[in-house]
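**Student:** Sharing a structure below in structure tokens format, with a few things to ask.
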Amino acid sequence: MIALTPDHALEVVNLKKAFGGLVVTQSVSLAIRPGERRLIIGPNGAGKTTLFNQISGDLRPNSGQIKLFGTDVTHLTPYKRAHFGLSRTYQIITLFTGDTLEHNVTLGLLGLRPSRWQMWRPLSFYGDLAIEARRTLDAVGLLHLAAHPVSDIAYGEKRRVELAMALAQKPRVLLLDEPLAGLSNTERSQVKSLIASIPRETTVIMIEHDMDTALDLAETVTLLNYGRVIVDGDRDAVIADERTREVYLGT
Amino acid sequence: MKWIGVALIASSLLLPPLIAGDFYINLASQILIAGIFALSLNLLVGFGGMTSLGHASYLGVAAYISALLTSRYGFGHGAAAIISIAGTTAMAACFGVIALRASGLGFLMITLALSQVLWGLAYRMSDVTNGDNGIAGLTRPMPFGISLESPASFYWFALIVASFALVMMAIFVSSAFGSSLKGVRDQPRRMAALGFNPWLIRWITFVYAGFWGGVSGLLYVYYNKYIHPTSLSTTSSAEALLGVIAGGSGTLGGPAVGAALVLLLKNYASAYIERWNMLLGLVFLFIVLVMPAGLVPGFSRLTAQLRRESR
């Protein structure tokens with residue numbers, strides 16, 4: 001049952017995940033309000049991406065629950081979660097390299113539309129899809145490259161295409177896995193303002209190592225270490241916390 | 001330049017029955033049939049990234065069903081054709097559920113195993129299939145009362161069916177669904193995260209490829225008026241796969257060109273060399289070394305390069 005005004009956009013309860021003997025997620029619980037900007041930090045191997053993969057459905061947890069807007073999605077396949085309003089980007093860029101930027105974004109739009117099953121009508125006949133795709137590319141500042149294949153563009157631009165594909169879906173919950181990784185300073189501030197401009201209808205959960213930029217975007221912060229939530233709460237409280245210093249920021 | 005190409009292709013398709021002898025007209029008909037078969041396999045291999053080594057199942061089963069219904073059970077060609085295509089498509093639906101439990105090499109092995117089962121049945125169930133003797137003495141249909149007995153009339157018939165098949169498959173791969181299919185081939189995880197159901201997309205394609213495999217099987221049995229278990233064999237599947245890869249998988253023209261190449265080698269080289277398969281292997285090796293993407297993509301890249309240099 002979908003509650004009309006759910007308290008939480010995303011709720012993770014006692015999530016556990018082990019690969020053989022290696023426990024990657026020991027016990028993680030999160031509660032994220034609609035519209036919240038949450039930053040997830042932690043040292044390498046803390047289980048951040050594994051957590052994302054369980055939320056998106058790429059990995060099945062051993063136990064625990066994942067709820068989107070009050071509905072238990074723990075056993076739903078990734079594509080069903082996408083139809084529930086969940087979108088994500090990848091730490092390792094995962095684009096359709098032989099296709100144009102416009103086509104990449106179009107796939108993002110198509111994924112949530114019934115017309116993705118249409119077999120008797122060329123894709124190029126869908127003018128509305130093309131317009132929408134180009135509008136999204138314009139929003140990330142890549143309209144001038146719309147007709148270029150992804151393999152032709154620079155790394156920083158590919159990061160923005162990743163973001164455009166997810167944004168095109170107008171998700172209710174957006175998972176960003178290191179959206180700033182490997183970017184130059186200029187590109188970083190471009191992507192930063194892009195993330196800042198995401199409407200409040202979208203709840204944003206972000207993994208990021210670049211604290212200077214990421215903290216500006218975040219309202220709340222979760223610190224993970226060895227698959228556990230160490231500290232969780234308002235940004236300033238978490239940053240001031242001694243354990244954060246110890247585990248992550250260093251002295 | 002483009003129009004010269006179109007004119008060349010059109011004339012090479014339209015001229016055979018007008019200028020060539022019966023032998024060449026028949027060869028051209030066989031190329032058309034093999035072309036449809038290769039195109040249907042290419043939906044799986046080239047556009048879906050599902051390398052099947054059992055595609056002859058659909059050609060063979062459609063041919064056997066039609067042969068049995070018309071020769072033994074007294075069905076007319078129209079009803080037999082419908083039942084045979086429907087049956088083959090239903091079989092593809094079942095085989096797809098089994099084969100798509102795996103991907104890559106596992107998928108290939110399951111399709112191979114399933115086709116071997118059918119091949120074995122065709123040999124062993126001799127009370128039904130007449131075993132190694134095959135089923136002979138079949139007839140060709142007479143659509144709208146037109147006899148297809150002469151090589152030229154059969155060629156026109158095959159050309160119409162092949163053109164229709166090509167157009168349908170061209171629309172299929174350029175459609176929204178075709179884009180989903182190519183996306184699932186390249187980035188299945190991403191596609192699932194975007195809201196696509198990768199399994200269902202693959203399965204529908206598998207069934208659609210089985211359908212067109214069945215259509216080529218019908219033409220095959222009409223042309224030969226005879227069916228033998230070899231048409232179900234791994235060799236038939238492998239030859240088609242070789243054609244698809246040699247011509248250029250994932251392109252529309254490539255598989256047809258590849259299928260033509262295999263057939264021409266088979267017909268000409270086998271007259272001079274007994275082990276024509278060896279020659280096919282060498283030609284294949286040469287293509288893979290010189291044009292790894294296949295003949296059609298290779299030549300289009302070559303002409304593009306020449307044009308740039310002449311500028």
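Just so we're on the same page: first chain in the structure tokens is A, next is B, and so on; residues restart at 1 for each chain, and ligands are numbered from 1 in the order they show up.
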Using only C-alpha atoms and a distance of at most 8 Å, pull out the residues of chain A that contact chain B, as an MDAnalysis selection string.
**Tutor:** chainID A and resid 56 58 78:83 87:88 94:96 107:108 110:112 115:124 166
**Student:** Contacts of B:Asn224 at 12 Å or less, counting only C-alpha atoms, minus same-chain residues fewer than 4 places along, as a short mmCIF file (atom, residue, chain, number, x, y, z; two decimals) with N, CA and C atoms, in the first residue's frame?
**Tutor:**
data_model
loop_
_atom_site.label_atom_id
_atom_site.label_comp_id
_atom_site.auth_asym_id
_atom_site.auth_seq_id
_atom_site.Cartn_x
_atom_site.Cartn_y
_atom_site.Cartn_z
N ASN B 26 17.97 -20.29 -59.96
CA ASN B 26 17.79 -21.13 -58.78
C ASN B 26 18.78 -20.76 -57.68
N LEU B 27 20.01 -20.48 -58.11
CA LEU B 27 21.02 -20.07 -57.13
C LEU B 27 20.59 -18.78 -56.44
N SER B 29 17.54 -17.75 -56.01
CA SER B 29 16.45 -18.06 -55.09
C SER B 29 17.00 -18.58 -53.77
N GLN B 30 17.98 -19.47 -53.90
CA GLN B 30 18.57 -20.03 -52.67
C GLN B 30 19.24 -18.94 -51.83
N ILE B 33 16.62 -17.13 -49.88
CA ILE B 33 16.14 -17.91 -48.73
C ILE B 33 17.18 -17.88 -47.60
N ALA B 63 9.99 -26.37 -41.90
CA ALA B 63 10.00 -27.16 -43.13
C ALA B 63 9.38 -28.53 -42.90
N ALA B 67 6.02 -30.02 -44.56
CA ALA B 67 6.19 -31.22 -45.38
C ALA B 67 5.24 -32.31 -44.90
N GLY B 134 14.65 -38.81 -45.53
CA GLY B 134 14.00 -37.51 -45.73
C GLY B 134 12.61 -37.66 -46.30
N ILE B 135 11.93 -36.56 -46.47
CA ILE B 135 10.59 -36.59 -47.05
C ILE B 135 10.68 -35.98 -48.45
N ALA B 136 10.36 -36.79 -49.45
CA ALA B 136 10.48 -36.34 -50.83
C ALA B 136 9.10 -36.22 -51.47
N GLY B 137 9.11 -35.78 -52.70
CA GLY B 137 7.86 -35.71 -53.46
C GLY B 137 6.92 -34.63 -52.98
N LEU B 138 7.47 -33.55 -52.43
CA LEU B 138 6.62 -32.46 -51.96
C LEU B 138 6.25 -31.54 -53.11
N THR B 139 5.27 -30.69 -52.85
CA THR B 139 4.82 -29.76 -53.91
C THR B 139 5.05 -28.33 -53.47
N ARG B 140 5.01 -27.43 -54.44
CA ARG B 140 5.07 -26.01 -54.13
C ARG B 140 3.64 -25.47 -54.08
N GLU B 149 6.26 -23.43 -60.25
CA GLU B 149 7.14 -24.53 -60.67
C GLU B 149 8.37 -24.04 -61.43
N PRO B 151 11.65 -21.91 -62.42
CA PRO B 151 12.64 -21.21 -61.59
C PRO B 151 12.33 -19.72 -61.49
N PHE B 154 9.33 -18.96 -59.18
CA PHE B 154 9.68 -19.16 -57.77
C PHE B 154 10.59 -18.03 -57.29
N GLY B 217 12.31 -21.27 -43.49
CA GLY B 217 12.17 -22.73 -43.58
C GLY B 217 11.08 -23.13 -44.55
N LEU B 218 9.97 -22.37 -44.55
CA LEU B 218 8.89 -22.66 -45.50
C LEU B 218 9.39 -22.49 -46.93
N LEU B 219 10.07 -21.38 -47.20
CA LEU B 219 10.59 -21.15 -48.55
C LEU B 219 11.57 -22.26 -48.91
N TYR B 220 12.35 -22.66 -47.93
CA TYR B 220 13.38 -23.68 -48.16
C TYR B 220 12.74 -24.99 -48.62
N HIS B 228 15.38 -33.05 -45.36
CA HIS B 228 16.25 -34.09 -44.79
C HIS B 228 16.76 -33.59 -43.43
N SER B 231 19.14 -30.43 -42.65
CA SER B 231 18.74 -29.02 -42.56
C SER B 231 18.61 -28.58 -41.11
#
**Student:** Using only C-alpha atoms, which residues sit within 9 Å of B:Leu118 once same-chain residues fewer than 2 positions away are excluded, as a PDB file with N, CA and C atoms, in the first residue's frame?
**Tutor:**
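Below is the file selection-v9.pdb, written as the result:
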ATOM      1  N   SER B  57      17.155 -24.941 -36.161  1.00  0.00           N
ATOM      2  CA  SER B  57      15.947 -25.570 -35.599  1.00  0.00           C
ATOM      3  C   SER B  57      14.682 -24.975 -36.195  1.00  0.00           C
ATOM      4  N   GLY B  60      14.366 -25.795 -39.920  1.00  0.00           N
ATOM      5  CA  GLY B  60      14.078 -27.209 -40.109  1.00  0.00           C
ATOM      6  C   GLY B  60      12.693 -27.596 -39.627  1.00  0.00           C
ATOM      7  N   VAL B  61      12.303 -27.121 -38.455  1.00  0.00           N
ATOM      8  CA  VAL B  61      11.002 -27.525 -37.907  1.00  0.00           C
ATOM      9  C   VAL B  61       9.864 -26.978 -38.762  1.00  0.00           C
ATOM     10  N   ALA B 113      22.444 -27.463 -27.856  1.00  0.00           N
ATOM     11  CA  ALA B 113      21.896 -28.708 -27.325  1.00  0.00           C
ATOM     12  C   ALA B 113      20.459 -28.921 -27.804  1.00  0.00           C
ATOM     13  N   LEU B 114      19.635 -27.867 -27.743  1.00  0.00           N
ATOM     14  CA  LEU B 114      18.242 -27.991 -28.161  1.00  0.00           C
ATOM     15  C   LEU B 114      18.150 -28.376 -29.641  1.00  0.00           C
ATOM     16  N   SER B 115      19.017 -27.770 -30.461  1.00  0.00           N
ATOM     17  CA  SER B 115      18.948 -28.072 -31.889  1.00  0.00           C
ATOM     18  C   SER B 115      19.433 -29.495 -32.151  1.00  0.00           C
ATOM     19  N   GLN B 116      20.379 -29.957 -31.333  1.00  0.00           N
ATOM     20  CA  GLN B 116      20.850 -31.342 -31.490  1.00  0.00           C
ATOM     21  C   GLN B 116      19.742 -32.336 -31.155  1.00  0.00           C
ATOM     22  N   GLY B 120      18.449 -35.058 -33.743  1.00  0.00           N
ATOM     23  CA  GLY B 120      18.405 -36.476 -33.377  1.00  0.00           C
ATOM     24  C   GLY B 120      17.012 -37.047 -33.585  1.00  0.00           C
ATOM     25  N   LEU B 121      15.995 -36.298 -33.192  1.00  0.00           N
ATOM     26  CA  LEU B 121      14.618 -36.766 -33.373  1.00  0.00           C
ATOM     27  C   LEU B 121      14.306 -36.968 -34.851  1.00  0.00           C
ATOM     28  N   ALA B 122      14.731 -36.008 -35.682  1.00  0.00           N
ATOM     29  CA  ALA B 122      14.446 -36.101 -37.111  1.00  0.00           C
ATOM     30  C   ALA B 122      15.081 -37.369 -37.701  1.00  0.00           C
ATOM     31  N   TYR B 123      16.256 -37.722 -37.187  1.00  0.00           N
ATOM     32  CA  TYR B 123      16.909 -38.936 -37.670  1.00  0.00           C
ATOM     33  C   TYR B 123      16.227 -40.192 -37.160  1.00  0.00           C
ATOM     34  N   PRO B 229      17.082 -34.481 -42.499  1.00  0.00           N
ATOM     35  CA  PRO B 229      17.563 -34.037 -41.181  1.00  0.00           C
ATOM     36  C   PRO B 229      18.768 -33.096 -41.217  1.00  0.00           C
ATOM     37  N   LEU B 232      18.505 -29.551 -40.195  1.00  0.00           N
ATOM     38  CA  LEU B 232      18.410 -29.235 -38.763  1.00  0.00           C
ATOM     39  C   LEU B 232      19.773 -29.301 -38.080  1.00  0.00           C
ATOM     40  N   SER B 233      20.806 -29.657 -38.835  1.00  0.00           N
ATOM     41  CA  SER B 233      22.082 -29.981 -38.194  1.00  0.00           C
ATOM     42  C   SER B 233      22.830 -28.741 -37.738  1.00  0.00           C
TER      43      SER B 233
END
**Student:** Among the residues of stretch 69-269 of chain B, find those DSSP assigns to alpha helix (DSSP H) from the backbone and print them as an MDAnalysis selection string.
**Tutor:** chainID B and resid 69:71 77:99 105:124 126:129 151:174 176:186 188:193 198:224 234:247 253:264
**Student:** Might you pull out every residue within 10 Å of A:Ser184, with only C-alpha atoms counted and same-chain residues fewer than 6 positions away left off, and present them as a VMD selection string?
**Tutor:** chain A and resid 155 to 156 190
**Student:** What does the distance from atom CA of A:Ala31 to atom CA of A:Gly70 come to in Å, to one decimal?
**Tutor:**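 So the two atoms, atom CA of A:Ala31 and atom CA of A:Gly70, lie 10.8 Å apart.
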**Student:** Need to verify the contact set: A:Glu246, 12 Å, only C-alpha atoms, exclusion of same-chain residues closer than 6 positions in sequence. Can you return it as a list in words?
**Tutor:**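 Those residues are Gly42, Pro43, Leu223, Asn225, Ile230, Val231, Val238, Ile239 and Ala240 of chain A.
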**Student:** Only N, CA and C atoms, please: the residues just picked out, written as a compact mmCIF listing (two decimals), in the first residue's frame.
**Tutor:**
# COMPACT_ATOMS: atom_id res chain seq x y z
N GLY A 42 32.55 8.04 3.55
CA GLY A 42 33.19 6.91 4.21
C GLY A 42 34.45 6.54 3.46
N PRO A 43 35.41 5.90 4.13
CA PRO A 43 36.65 5.52 3.47
C PRO A 43 36.41 4.48 2.37
N LEU A 223 27.81 8.83 7.65
CA LEU A 223 29.18 8.31 7.57
C LEU A 223 29.13 6.80 7.71
N ASN A 225 31.32 3.12 7.71
CA ASN A 225 32.63 2.48 7.82
C ASN A 225 32.42 1.00 8.10
N ILE A 230 28.16 4.97 11.06
CA ILE A 230 28.89 5.43 12.24
C ILE A 230 28.22 6.68 12.82
N VAL A 231 28.00 7.66 11.94
CA VAL A 231 27.30 8.87 12.37
C VAL A 231 26.27 9.22 11.30
N VAL A 238 27.38 16.24 11.95
CA VAL A 238 28.20 15.09 11.56
C VAL A 238 29.65 15.52 11.36
N ILE A 239 29.84 16.68 10.75
CA ILE A 239 31.21 17.13 10.48
C ILE A 239 31.93 17.45 11.79
N ALA A 240 31.17 17.99 12.75
CA ALA A 240 31.78 18.35 14.03
C ALA A 240 32.05 17.13 14.88
